[in-house]
file protein16.cif (mmCIF, C-alpha atoms)
data_start
loop_
_atom_site.label_atom_id
_atom_site.label_comp_id
_atom_site.auth_asym_id
_atom_site.auth_seq_id
_atom_site.Cartn_x
_atom_site.Cartn_y
_atom_site.Cartn_z
CA MET A 188 72.46 102.73 127.17
CA SER A 189 72.12 103.43 130.88
CA GLU A 190 73.56 106.61 132.41
CA GLU A 191 75.04 104.46 135.18
CA ARG A 192 76.95 102.35 132.64
CA PHE A 193 78.28 105.43 130.85
CA SER A 194 79.34 107.33 133.96
CA SER A 195 81.18 104.34 135.38
CA GLN A 196 83.68 104.40 132.54
CA ILE A 197 83.85 108.04 131.58
CA TRP A 198 87.41 108.39 132.84
CA LEU A 199 88.52 105.72 130.36
CA GLY A 200 85.91 106.28 127.67
CA LEU A 201 84.51 109.28 125.86
CA GLU A 202 83.75 112.58 127.52
CA ALA A 203 82.19 114.26 124.46
CA LYS A 204 78.82 113.13 123.10
CA LYS A 205 78.37 112.63 119.38
CA GLU A 206 75.08 114.53 119.19
CA GLU A 207 76.43 117.50 121.16
CA ASN A 208 79.98 118.05 119.87
CA LEU A 209 80.77 115.95 116.83
CA ALA A 210 84.33 117.28 116.34
CA ASP A 211 85.43 116.58 119.93
CA TRP A 212 83.67 113.21 119.92
CA TYR A 213 85.44 112.20 116.70
CA SER A 214 88.83 113.27 118.03
CA GLN A 215 88.33 111.27 121.22
CA VAL A 216 87.12 108.13 119.43
CA ILE A 217 90.05 107.87 117.03
CA THR A 218 92.63 108.47 119.78
CA LYS A 219 91.10 106.49 122.66
CA ALA A 220 90.23 103.59 120.36
CA GLU A 221 93.92 103.56 119.38
CA MET A 222 93.30 104.27 115.71
CA ILE A 223 95.81 107.09 115.26
CA GLU A 224 98.76 108.77 116.90
CA TYR A 225 99.45 112.44 116.25
CA TYR A 226 102.64 113.35 114.40
CA ASP A 227 104.90 116.39 114.48
CA VAL A 228 104.11 117.36 110.86
CA SER A 229 100.72 119.05 110.66
CA GLY A 230 98.12 117.12 108.69
CA CYS A 231 100.05 113.83 108.89
CA TYR A 232 99.12 111.01 111.25
CA VAL A 233 100.33 107.60 112.36
CA LEU A 234 97.85 104.87 111.44
CA ARG A 235 97.98 102.41 114.30
CA PRO A 236 97.29 98.69 113.73
CA TRP A 237 93.63 99.01 114.77
CA SER A 238 92.85 101.38 111.89
CA TYR A 239 95.37 100.01 109.40
CA SER A 240 93.74 96.58 109.66
CA ILE A 241 90.51 98.17 108.35
CA TRP A 242 92.42 99.46 105.35
CA GLU A 243 93.93 96.00 104.83
CA ALA A 244 90.44 94.46 104.76
CA ILE A 245 89.31 97.01 102.17
CA LYS A 246 92.47 96.46 100.15
CA GLU A 247 92.10 92.67 100.19
CA PHE A 248 88.48 92.82 99.01
CA PHE A 249 88.94 95.48 96.33
CA ASP A 250 92.21 94.05 95.00
CA ARG A 251 90.60 90.65 94.55
CA GLU A 252 87.61 92.12 92.71
CA ILE A 253 89.53 94.38 90.30
CA LYS A 254 91.77 91.48 89.31
CA LYS A 255 88.60 89.69 88.16
CA LEU A 256 88.21 92.61 85.71
CA GLY A 257 91.72 92.11 84.37
CA VAL A 258 93.38 94.90 86.35
CA GLU A 259 97.07 94.43 87.23
CA ASN A 260 99.00 96.06 90.07
CA CYS A 261 102.10 98.15 89.49
CA TYR A 262 104.07 100.94 91.13
CA PHE A 263 105.22 104.31 89.78
CA PRO A 264 107.61 106.71 91.54
CA MET A 265 106.17 109.28 93.94
CA PHE A 266 108.13 112.09 92.29
CA VAL A 267 106.80 113.87 89.20
CA SER A 268 108.80 116.19 86.97
CA GLN A 269 107.58 119.75 86.63
CA ALA A 270 107.33 119.34 82.86
CA ALA A 271 105.07 116.27 83.14
CA LEU A 272 102.88 117.77 85.87
CA GLU A 273 102.28 120.98 83.92
CA LYS A 274 101.53 119.26 80.63
CA GLU A 275 97.77 119.07 81.25
CA LYS A 276 96.98 122.70 82.12
CA SER A 277 93.44 122.37 83.50
CA HIS A 278 94.56 119.40 85.58
CA ILE A 279 97.46 121.16 87.29
CA GLU A 280 95.50 124.39 87.81
CA ASP A 281 93.11 122.53 90.07
CA PHE A 282 95.87 120.81 92.07
CA ALA A 283 98.48 123.62 92.03
CA PRO A 284 97.73 125.04 95.50
CA GLU A 285 98.12 121.59 97.07
CA VAL A 286 101.27 120.37 95.31
CA ALA A 287 104.31 119.84 97.54
CA TRP A 288 107.63 120.52 95.79
CA VAL A 289 111.12 119.22 96.48
CA THR A 290 113.46 122.10 95.72
CA ARG A 291 116.70 121.17 97.50
CA SER A 292 118.98 118.20 98.10
CA GLY A 293 120.87 118.84 101.31
CA LYS A 294 122.05 122.42 100.84
CA THR A 295 122.10 122.24 97.04
CA GLU A 296 119.24 123.76 95.07
CA LEU A 297 117.82 121.42 92.44
CA ALA A 298 118.06 122.55 88.83
CA GLU A 299 114.31 121.91 88.51
CA PRO A 300 111.81 121.41 91.33
CA ILE A 301 110.25 117.96 91.59
CA ALA A 302 106.63 117.49 92.69
CA VAL A 303 105.47 114.90 95.19
CA ARG A 304 102.53 113.20 93.48
CA PRO A 305 99.09 114.63 94.31
CA THR A 306 97.75 111.99 91.87
CA SER A 307 99.54 110.00 89.18
CA GLU A 308 97.98 110.73 85.79
CA THR A 309 100.93 112.86 84.74
CA ALA A 310 103.45 110.39 86.18
CA MET A 311 102.01 107.32 84.47
CA TYR A 312 100.83 108.51 81.09
CA PRO A 313 104.24 109.21 79.48
CA ALA A 314 104.87 105.46 79.95
CA TYR A 315 101.46 104.62 78.47
CA ALA A 316 102.44 106.60 75.35
CA LYS A 317 105.51 104.36 74.94
CA TRP A 318 103.58 101.15 75.53
CA VAL A 319 100.67 101.83 73.17
CA GLN A 320 101.45 101.61 69.45
CA SER A 321 98.75 99.31 68.14
CA HIS A 322 95.15 98.54 69.07
CA ARG A 323 96.55 95.17 70.15
CA ASP A 324 98.30 96.95 73.04
CA LEU A 325 94.94 97.91 74.51
CA PRO A 326 93.31 97.84 76.93
CA ILE A 327 95.79 98.81 79.64
CA LYS A 328 94.34 98.33 83.13
CA LEU A 329 96.77 99.23 85.90
CA ASN A 330 96.31 99.96 89.59
CA GLN A 331 98.72 101.02 92.30
CA TRP A 332 98.40 101.02 96.09
CA CYS A 333 100.38 103.99 97.34
CA ASN A 334 100.38 107.28 99.21
CA VAL A 335 99.82 110.77 97.85
CA VAL A 336 100.47 114.22 99.25
CA ARG A 337 98.09 117.17 98.92
CA TRP A 338 99.18 120.13 101.02
CA GLU A 339 95.74 121.37 101.95
CA PHE A 340 95.44 124.59 103.93
CA LYS A 341 92.05 123.74 105.37
CA HIS A 342 91.87 122.51 108.94
CA PRO A 343 93.12 118.89 108.78
CA GLN A 344 91.03 116.05 110.21
CA PRO A 345 92.47 112.55 110.60
CA PHE A 346 91.29 110.22 107.81
CA LEU A 347 88.84 112.81 106.41
CA ARG A 348 91.21 115.58 105.29
CA THR A 349 94.93 114.92 105.58
CA ARG A 350 98.05 116.09 103.78
CA GLU A 351 99.24 112.56 103.17
CA PHE A 352 96.87 109.65 102.71
CA LEU A 353 96.83 106.08 101.41
CA TRP A 354 94.75 105.08 98.44
CA GLN A 355 94.54 102.94 95.36
CA GLU A 356 94.50 104.65 92.01
CA GLY A 357 93.49 102.82 88.88
CA HIS A 358 94.42 104.07 85.42
CA SER A 359 93.10 102.45 82.26
CA ALA A 360 93.23 103.07 78.53
CA PHE A 361 90.85 101.66 75.90
CA ALA A 362 90.42 101.69 72.17
CA THR A 363 86.74 102.73 72.38
CA GLN A 364 84.67 105.08 74.51
CA GLU A 365 82.10 102.34 75.11
CA GLU A 366 84.68 100.12 76.83
CA ALA A 367 85.87 103.01 78.99
CA ALA A 368 82.34 104.06 79.97
CA GLU A 369 81.51 100.47 80.95
CA GLU A 370 84.53 100.26 83.25
CA VAL A 371 83.66 103.55 84.98
CA LEU A 372 80.40 102.01 86.21
CA GLN A 373 81.96 98.62 87.01
CA ILE A 374 84.43 100.32 89.36
CA LEU A 375 81.71 102.51 90.84
CA ASP A 376 79.72 99.37 91.68
CA LEU A 377 82.78 97.90 93.42
CA TYR A 378 83.18 101.06 95.52
CA ALA A 379 79.54 100.81 96.54
CA ARG A 380 80.16 97.19 97.56
CA VAL A 381 83.13 98.23 99.72
CA TYR A 382 80.85 100.54 101.70
CA GLU A 383 77.74 98.41 101.76
CA GLU A 384 79.09 94.85 102.01
CA LEU A 385 82.22 95.42 104.09
CA MET A 386 81.34 98.46 106.18
CA ALA A 387 77.52 98.25 106.33
CA ILE A 388 77.19 101.85 105.10
CA PRO A 389 74.52 102.65 102.49
CA VAL A 390 75.72 104.92 99.70
CA VAL A 391 74.19 106.79 96.79
CA LYS A 392 75.82 106.44 93.37
CA GLY A 393 75.76 109.50 91.16
CA ARG A 394 77.53 111.92 88.87
CA LYS A 395 79.39 115.06 89.92
CA THR A 396 78.49 118.45 88.50
CA GLU A 397 80.74 120.06 85.89
CA LYS A 398 82.18 122.28 88.61
CA GLU A 399 82.92 119.33 90.91
CA LYS A 400 84.29 116.86 88.35
CA PHE A 401 87.92 115.75 88.24
CA ALA A 402 90.14 118.40 86.69
CA GLY A 403 90.89 117.48 83.07
CA GLY A 404 88.28 114.72 82.91
CA ASP A 405 85.06 114.40 80.90
CA TYR A 406 82.90 113.40 83.86
CA THR A 407 83.17 112.03 87.39
CA THR A 408 80.97 109.44 89.08
CA THR A 409 80.88 109.11 92.85
CA VAL A 410 79.52 107.17 95.80
CA GLU A 411 78.32 109.41 98.63
CA ALA A 412 77.58 108.45 102.23
CA PHE A 413 75.42 110.34 104.73
CA ILE A 414 76.70 111.41 108.14
CA SER A 415 73.54 111.71 110.20
CA ALA A 416 75.29 113.45 113.10
CA SER A 417 76.28 116.37 110.86
CA GLY A 418 73.35 116.16 108.46
CA ARG A 419 75.76 116.21 105.52
CA ALA A 420 76.88 113.89 102.75
CA ILE A 421 80.52 112.92 102.29
CA GLN A 422 82.31 111.72 99.16
CA GLY A 423 83.24 108.06 99.50
CA ALA A 424 85.12 107.25 96.27
CA THR A 425 85.23 108.45 92.67
CA SER A 426 85.50 106.88 89.22
CA HIS A 427 86.42 109.31 86.42
CA HIS A 428 86.08 109.11 82.65
CA LEU A 429 88.93 111.18 81.24
CA GLY A 430 87.82 110.94 77.62
CA GLN A 431 90.74 111.69 75.28
CA ASN A 432 91.98 114.76 77.14
CA PHE A 433 95.06 113.17 78.69
CA SER A 434 95.77 110.88 75.74
CA ARG A 435 95.87 113.98 73.53
CA MET A 436 98.33 115.76 75.83
CA PHE A 437 100.56 112.71 76.32
CA GLU A 438 100.10 111.32 72.79
CA ILE A 439 98.67 107.95 73.82
CA MET A 440 97.58 106.82 70.39
CA PHE A 441 97.38 103.73 68.26
CA GLU A 442 96.92 102.85 64.62
CA ASP A 443 93.26 102.44 63.78
CA PRO A 444 92.76 98.94 62.30
CA LYS A 445 89.77 100.18 60.30
CA ARG A 446 91.75 103.07 58.78
CA PRO A 447 95.32 101.92 58.05
CA GLY A 448 97.83 104.71 58.54
CA GLU A 449 95.55 106.79 60.76
CA LYS A 450 96.16 107.34 64.44
CA GLN A 451 93.43 107.18 67.07
CA LEU A 452 93.60 108.61 70.59
CA ALA A 453 92.92 106.22 73.47
CA PHE A 454 89.99 106.71 75.85
CA GLN A 455 91.00 106.75 79.49
CA ASN A 456 89.66 106.37 83.04
CA SER A 457 91.08 106.91 86.50
CA TRP A 458 89.53 105.85 89.81
CA GLY A 459 90.39 105.84 93.49
CA ILE A 460 89.33 105.10 97.06
CA THR A 461 91.26 106.31 100.11
CA THR A 462 91.73 105.89 103.84
CA ARG A 463 88.91 108.43 104.18
CA THR A 464 86.81 105.25 104.33
CA ILE A 465 88.00 104.73 107.91
CA GLY A 466 86.82 108.18 108.95
CA VAL A 467 83.44 107.68 107.29
CA LEU A 468 83.03 104.32 109.07
CA THR A 469 83.83 105.96 112.41
CA MET A 470 81.39 108.82 111.83
CA VAL A 471 78.54 106.59 110.69
CA HIS A 472 78.75 103.69 113.15
CA GLY A 473 80.48 105.10 116.24
CA ASP A 474 78.37 106.08 119.25
CA ASN A 475 78.84 107.52 122.73
CA MET A 476 80.40 104.30 123.96
CA GLY A 477 83.11 104.37 121.30
CA LEU A 478 83.98 102.84 117.97
CA VAL A 479 81.64 100.32 116.33
CA LEU A 480 83.29 98.01 113.81
CA PRO A 481 81.29 95.84 111.41
CA PRO A 482 82.59 92.25 111.72
CA ARG A 483 83.94 92.07 108.16
CA VAL A 484 86.49 94.84 108.77
CA ALA A 485 87.20 94.27 112.47
CA CYS A 486 90.65 92.84 113.09
CA VAL A 487 89.25 91.34 116.32
CA GLN A 488 85.71 89.96 116.29
CA ILE A 489 85.68 88.21 119.68
CA VAL A 490 87.59 88.98 122.86
CA ILE A 491 87.92 86.37 125.62
CA ILE A 492 88.29 87.86 129.12
CA PRO A 493 88.86 85.53 132.09
CA CYS A 494 87.06 86.60 135.26
CA GLY A 495 87.50 85.69 138.90
CA ILE A 496 91.29 85.54 138.91
CA THR A 497 92.25 86.95 142.30
CA ALA A 498 95.18 86.62 144.69
CA SER A 499 93.18 84.11 146.73
CA LEU A 500 92.32 81.88 143.77
CA PRO A 501 94.15 78.52 144.02
CA GLU A 502 96.83 78.12 141.37
CA GLU A 503 95.26 74.96 139.94
CA GLU A 504 91.94 76.78 139.40
CA LYS A 505 93.72 79.67 137.74
CA GLU A 506 95.54 77.27 135.42
CA ALA A 507 92.29 75.49 134.59
CA LEU A 508 90.63 78.80 133.75
CA LEU A 509 93.50 79.91 131.50
CA ALA A 510 93.52 76.49 129.83
CA LEU A 511 89.83 76.95 129.04
CA CYS A 512 90.66 80.35 127.54
CA SER A 513 93.25 78.68 125.35
CA LYS A 514 90.79 75.96 124.33
CA TYR A 515 88.13 78.45 123.22
CA LEU A 516 90.76 80.56 121.46
CA SER A 517 91.95 77.58 119.41
CA ARG A 518 88.42 76.48 118.51
CA LEU A 519 87.38 79.95 117.40
CA LEU A 520 90.58 80.46 115.38
CA ALA A 521 89.98 77.11 113.68
CA ALA A 522 86.49 78.32 112.74
CA GLY A 523 88.02 81.32 110.95
CA ILE A 524 87.01 83.86 113.59
CA ARG A 525 89.39 86.69 114.48
CA VAL A 526 89.66 86.28 118.23
CA LYS A 527 91.92 87.53 121.00
CA SER A 528 92.40 86.49 124.63
CA ASP A 529 93.00 89.42 126.97
CA LEU A 530 95.08 87.80 129.72
CA ARG A 531 96.70 90.95 131.06
CA ASP A 532 96.97 90.57 134.82
CA ASN A 533 97.53 94.25 135.57
CA TYR A 534 93.96 95.25 134.62
CA SER A 535 90.64 94.21 136.12
CA PRO A 536 87.90 92.58 134.02
CA GLY A 537 85.84 95.79 134.36
CA TRP A 538 88.67 97.87 132.92
CA LYS A 539 89.02 95.41 130.06
CA PHE A 540 85.29 95.57 129.31
CA ASN A 541 85.51 99.35 128.99
CA HIS A 542 88.67 99.11 126.90
CA TRP A 543 87.17 96.73 124.35
CA GLU A 544 83.80 98.50 124.29
CA LEU A 545 85.68 101.62 123.24
CA LYS A 546 87.45 99.78 120.39
CA VAL A 547 84.84 97.29 119.14
CA ILE A 548 81.51 97.50 121.10
CA ASN A 549 79.41 95.33 118.72
CA TYR A 550 79.47 92.33 121.03
CA THR A 551 77.46 90.19 123.40
CA ARG A 552 78.85 89.16 126.80
CA MET A 553 78.60 85.45 127.48
CA LYS A 554 79.81 83.96 130.73
CA VAL A 555 81.28 80.47 130.44
CA ALA A 556 82.92 78.90 133.53
CA GLY A 557 84.50 82.09 134.73
CA LEU A 558 85.11 83.52 131.24
CA ILE A 559 83.50 86.53 129.68
CA VAL A 560 83.33 86.18 125.90
#
call {"tool": "encode", "arguments": {"input": "protein16.cif", "output": "structure tokens"}}
result
Amino acid sequence: MSEERFSSQIWLGLEAKKEENLADWYSQVITKAEMIEYYDVSGCYVLRPWSYSIWEAIKEFFDREIKKLGVENCYFPMFVSQAALEKEKSHIEDFAPEVAWVTRSGKTELAEPIAVRPTSETAMYPAYAKWVQSHRDLPIKLNQWCNVVRWEFKHPQPFLRTREFLWQEGHSAFATQEEAAEEVLQILDLYARVYEELMAIPVVKGRKTEKEKFAGGDYTTTVEAFISASGRAIQGATSHHLGQNFSRMFEIMFEDPKRPGEKQLAFQNSWGITTRTIGVLTMVHGDNMGLVLPPRVACVQIVIIPCGITASLPEEEKEALLALCSKYLSRLLAAGIRVKSDLRDNYSPGWKFNHWELKVINYTRMKVAGLIV
């Protein structure tokens, strides 16, 4: 990258350099690339279309793949009773400092505070206990796409550490430990594919230490990415084997077909990936020119910018140029390419180049009859 090219757009582009001040660089990228808007509740952010489209691409891929495994989508309420949340003691002890509670309706105090879900094990498993009576009722493989709230007191960072975030959370129950253990690794492989196939980010699959594992679970597997600018790894997604800990607390049991009259506890898993993915993508691929989006998650892969439209340009030539823009747009759309024509007449082509470099950057300029593609 030439210094001349960088300095010519610094007023529109980034002022901080990634290798010199990572925090300021990150803040500038996500705001100037129109990924987020700040909100008046600390730790909460508006996800603008440019970033939300990345989440939609991840959701589309992952949803399709888990359905191949027999997983079904559902939705459980975001509110959790105090009794349900506190049923699994080691689980709630880990989340207790981050749980947000609803204590009042208008000016009336509630008889019992209601938690806003930090995760949904305790919300979903009372229903599982009702649904599972026989081994024929297993396996249960459910997933929900939703938001959760964790009222962290650490310094919030958009996408990476927020008080509300979007995720998917899968919750399954099996008759045998072998089935549950197999699914843990199947889901972990899918998370690795999200990072490597969609976002072009290599990850390492592994197992968390006893201290780091999910509270109340038997063990936690994880995919970890490396942020070279900070020299640190970052957790990408986790797949947990819960063993029989939650099924014991919530009495998710079935009659053992091999021992008539005896009850057997189900083996369970939970697994999730969040909008942290967007922050990891930004950290890994972004550079001093702006955001870099791999084509598979970019909502716009090609931008068509007409050049040479001036006040002195004859109207018929202008119309011919715009018609050519329309022609290329239609052909590219028909080929399945996500393309946009930037026909704004209140900005110069140079301004548009800087604007799109900040938001996409992984492109090649090609001049065709007065167009820049």
call {"tool": "resolve_selection", "arguments": {"input": "protein16.cif", "expression": "the PyMOL selection byres ((chain A and resi 407) around 10)", "output": "ChimeraX atom specification"}}
result
/A:371,393-397,399-402,404-406,408-409,425-429,456-458
call {"tool": "residues_near_point", "arguments": {"input": "protein16.cif", "point": "(72.3, 116.5, 111.5)", "cutoff": "12 Å", "atoms": "all atoms listed in the file", "output": "list in words"}}
result
Lys205, Glu206, Glu207, Asn208, Leu209, Phe413, Ile414, Ser415, Ala416, Ser417, Gly418, Arg419, Ala420, Met470 and Val471 of chain A
call {"tool": "resolve_selection", "arguments": {"input": "protein16.cif", "expression": "the PyMOL selection byres ((chain A and resi 503-515) around 12)", "output": "NGL selection string"}}
result
:A and (489-502 or 516-522 or 524 or 526-532 or 554-560)
call {"tool": "axis_aligned_box", "arguments": {"input": "protein16.cif", "around": "range 522-526 of chain A", "padding_each_side": "3 Å", "output": "AutoDock Vina command-line options"}}
result
--center_x 88.1 --center_y 82.5 --center_z 114.6 --size_x 9.2 --size_y 14.4 --size_z 13.3
call {"tool": "residues_around", "arguments": {"input": "protein16.cif", "residues": "range 451-453 of chain A", "least_positions_apart": "3", "cutoff": "10 Å", "atoms": "only C-alpha atoms", "output": "PyMOL selection string"}}
result
chain A and resi 316+319+321-322+325-326+359-364+367+430-435+437-444+446+448
call {"tool": "closest_residue", "arguments": {"input": "protein16.cif", "among": "A:Val233, A:Val303, A:Val390, A:Leu375", "to": "Leu272 in chain A", "atoms": "all atoms listed in the file"}}
result
A:Val303
